[in-house]
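Asker: Okay, here's the structure, questions in a sec.
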Amino acid sequence: VQLQASGGGLVQPGGSLRLSCAASRDTLDDYAIGWFRQAPGQGREGVSCISRRDTSTYYKEFVRGRAAIARDNAKNTIYLQLDFLKPEDTAVYYCGAGRDCWLMDYWGTGTQVTVSS
(Lines give C-alpha, C1' and ligand atoms only; values in the text may rest on other atoms or scores of the structure.)
Protein backbone atom coordinates (compact mmCIF):
# COMPACT_ATOMS: atom_id res chain seq x y z
CA VAL A 1 0.00 0.00 0.00
CA GLN A 2 1.49 3.29 -1.07
CA LEU A 3 0.12 6.74 -0.41
CA GLN A 4 1.51 10.09 -1.49
CA ALA A 5 0.40 13.29 0.19
CA SER A 6 0.90 16.68 -1.42
CA GLY A 7 -0.56 20.18 -1.55
CA GLY A 8 0.83 21.73 1.61
CA GLY A 9 2.40 25.15 1.75
CA LEU A 10 2.54 28.53 3.45
CA VAL A 11 -0.78 30.33 3.76
CA GLN A 12 -2.01 33.33 5.69
CA PRO A 13 -4.57 32.99 8.46
CA GLY A 14 -8.01 32.72 6.94
CA GLY A 15 -6.65 31.18 3.77
CA SER A 16 -7.29 27.82 2.16
CA LEU A 17 -5.38 24.80 0.95
CA ARG A 18 -6.35 21.59 -0.78
CA LEU A 19 -4.33 18.56 0.21
CA SER A 20 -4.16 15.49 -2.02
CA CYS A 21 -3.56 11.84 -1.16
CA ALA A 22 -2.80 9.72 -4.21
CA ALA A 23 -3.14 5.96 -4.01
CA SER A 24 -4.04 2.98 -6.17
CA ARG A 25 -7.67 2.21 -6.93
CA ASP A 26 -7.35 -1.04 -4.97
CA THR A 27 -6.17 0.88 -1.92
CA LEU A 28 -9.08 3.30 -2.11
CA ASP A 29 -11.54 0.42 -2.52
CA ASP A 30 -10.08 -1.74 0.24
CA TYR A 31 -9.26 0.78 2.96
CA ALA A 32 -10.62 3.76 4.78
CA ILE A 33 -8.45 6.81 4.10
CA GLY A 34 -7.71 9.22 6.90
CA TRP A 35 -5.95 12.55 7.22
CA PHE A 36 -3.92 13.10 10.36
CA ARG A 37 -1.58 15.87 11.44
CA GLN A 38 1.40 16.25 13.72
CA ALA A 39 2.57 19.60 15.04
CA PRO A 40 6.10 20.06 16.41
CA GLY A 41 6.41 18.41 19.79
CA GLN A 42 2.92 16.95 19.56
CA GLY A 43 1.50 13.53 18.86
CA ARG A 44 -0.26 12.62 15.63
CA GLU A 45 -3.98 13.41 15.70
CA GLY A 46 -6.83 12.61 13.36
CA VAL A 47 -8.35 15.33 11.23
CA SER A 48 -10.79 13.71 8.81
CA CYS A 49 -11.59 10.30 7.35
CA ILE A 50 -13.59 8.74 4.54
CA SER A 51 -14.79 5.17 4.90
CA ARG A 52 -14.21 2.49 2.28
CA ARG A 53 -17.69 1.06 2.10
CA ASP A 54 -20.20 3.82 1.88
CA THR A 55 -17.75 6.71 1.67
CA SER A 56 -19.15 8.22 4.84
CA THR A 57 -17.08 11.16 5.99
CA TYR A 58 -15.94 12.10 9.46
CA TYR A 59 -14.31 15.16 10.96
CA LYS A 60 -12.74 15.98 14.27
CA GLU A 61 -14.39 18.82 16.12
CA PHE A 62 -11.57 21.32 15.62
CA VAL A 63 -11.97 21.25 11.79
CA ARG A 64 -15.69 20.65 11.47
CA GLY A 65 -17.15 23.35 9.23
CA ARG A 66 -13.69 24.26 7.91
CA ALA A 67 -12.76 21.05 6.11
CA ALA A 68 -14.16 18.81 3.41
CA ILE A 69 -12.87 15.37 2.44
CA ALA A 70 -13.76 13.92 -0.94
CA ARG A 71 -12.81 11.06 -3.24
CA ASP A 72 -12.03 11.43 -6.95
CA ASN A 73 -12.26 7.99 -8.53
CA ALA A 74 -10.99 9.19 -11.89
CA LYS A 75 -7.75 10.38 -10.30
CA ASN A 76 -7.50 7.78 -7.50
CA THR A 77 -7.09 10.62 -5.08
CA ILE A 78 -8.58 11.68 -1.77
CA TYR A 79 -8.72 15.44 -1.27
CA LEU A 80 -8.88 17.40 1.96
CA GLN A 81 -10.02 20.98 1.48
CA LEU A 82 -9.05 23.18 4.41
CA ASP A 83 -10.61 26.65 4.72
CA PHE A 84 -10.37 29.45 7.27
CA LEU A 85 -6.98 28.16 8.32
CA LYS A 86 -5.61 29.18 11.70
CA PRO A 87 -2.00 29.33 12.96
CA GLU A 88 -2.77 26.36 15.20
CA ASP A 89 -3.43 24.29 12.06
CA THR A 90 0.30 24.41 11.34
CA ALA A 91 1.55 20.82 11.18
CA VAL A 92 2.75 18.06 8.91
CA TYR A 93 -0.32 16.44 7.42
CA TYR A 94 -0.30 12.71 6.63
CA CYS A 95 -2.73 10.45 4.89
CA GLY A 96 -3.16 6.88 5.99
CA ALA A 97 -5.04 3.76 4.99
CA GLY A 98 -6.72 1.44 7.44
CA ARG A 99 -9.35 -1.20 8.03
CA ASP A 100 -11.62 1.41 9.56
CA CYS A 101 -11.64 5.11 10.08
CA TRP A 102 -9.07 6.33 12.59
CA LEU A 103 -7.39 2.88 12.66
CA MET A 104 -4.62 3.32 10.13
CA ASP A 105 -2.38 0.45 9.10
CA TYR A 106 -0.34 2.27 6.47
CA TRP A 107 1.04 5.78 6.24
CA GLY A 108 2.09 7.91 3.35
CA THR A 109 4.56 10.74 3.25
CA GLY A 110 3.61 13.99 4.92
CA THR A 111 3.06 17.46 3.56
CA GLN A 112 3.84 20.59 5.56
CA VAL A 113 1.10 23.13 6.19
CA THR A 114 2.22 26.43 7.70
CA VAL A 115 -0.32 29.11 8.59
CA SER A 116 1.37 32.40 9.30
CA SER A 117 1.16 36.06 8.44
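Every chain in the C-alpha coordinates takes a letter, A first, then B, and so on in the order presented; its residues are numbered from 1, and the ligands are numbered from 1 following the presented order.
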Which residues are near A:Gly110? Cut-off 12 Å, only C-alpha atoms, ignore same chain within fewer than 6 positions. Put them as a list in words.

Answerer: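 Final neighbour list, sorted by chain and number: Leu3, Gln4, Ala5, Ser6, Gly7, Gly8, Gly9, Leu19, Ser20, Cys21, Ala22, Trp35, Phe36, Arg37, Gln38, Ala39, Arg44, Ala91, Val92, Tyr93, Tyr94, Cys95 and Gly96 of chain A.
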
Asker: Determine which residues of chain A DSSP labels as alpha helix (DSSP H) from the backbone of this structure, then write them out as number ranges by chain.

Answerer: A: 25-30

Asker: Take the residues from that selection and write them out as a PDB file, in the first residue's frame, keeping N, CA and C atoms.

Answerer:
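In the end it all went to out.pdb:
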```
ATOM      1  N   ARG A  25      -6.228   2.427  -7.019  1.00  0.00           N
ATOM      2  CA  ARG A  25      -7.667   2.207  -6.926  1.00  0.00           C
ATOM      3  C   ARG A  25      -7.975   1.088  -5.937  1.00  0.00           C
ATOM      4  N   ASP A  26      -7.141   0.052  -5.927  1.00  0.00           N
ATOM      5  CA  ASP A  26      -7.351  -1.040  -4.966  1.00  0.00           C
ATOM      6  C   ASP A  26      -7.275  -0.547  -3.529  1.00  0.00           C
ATOM      7  N   THR A  27      -6.311   0.346  -3.277  1.00  0.00           N
ATOM      8  CA  THR A  27      -6.175   0.879  -1.922  1.00  0.00           C
ATOM      9  C   THR A  27      -7.422   1.661  -1.528  1.00  0.00           C
ATOM     10  N   LEU A  28      -7.910   2.492  -2.426  1.00  0.00           N
ATOM     11  CA  LEU A  28      -9.085   3.296  -2.106  1.00  0.00           C
ATOM     12  C   LEU A  28     -10.327   2.423  -1.930  1.00  0.00           C
ATOM     13  N   ASP A  29     -10.382   1.305  -2.642  1.00  0.00           N
ATOM     14  CA  ASP A  29     -11.539   0.422  -2.516  1.00  0.00           C
ATOM     15  C   ASP A  29     -11.471  -0.453  -1.271  1.00  0.00           C
ATOM     16  N   ASP A  30     -10.256  -0.775  -0.844  1.00  0.00           N
ATOM     17  CA  ASP A  30     -10.080  -1.741   0.236  1.00  0.00           C
ATOM     18  C   ASP A  30      -9.905  -1.117   1.616  1.00  0.00           C
TER      19      ASP A  30
END
```

Asker: Restricting the calculation to only C-alpha atoms, which member of A:Ala32, A:Ile78, A:Ala67, A:Cys49 is positioned closest to A:Leu17?

Answerer: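 Checking each candidate against A:Leu17, we get A:Ala67 as the closest.
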
Asker: Assign secondary structure with DSSP using the backbone only, and return the residues of stretch 1-67 of chain A in strand (DSSP E) as number ranges by chain.

Answerer: A: 4-6, 9-11, 17-22, 32-38, 44-50, 57-59, 67
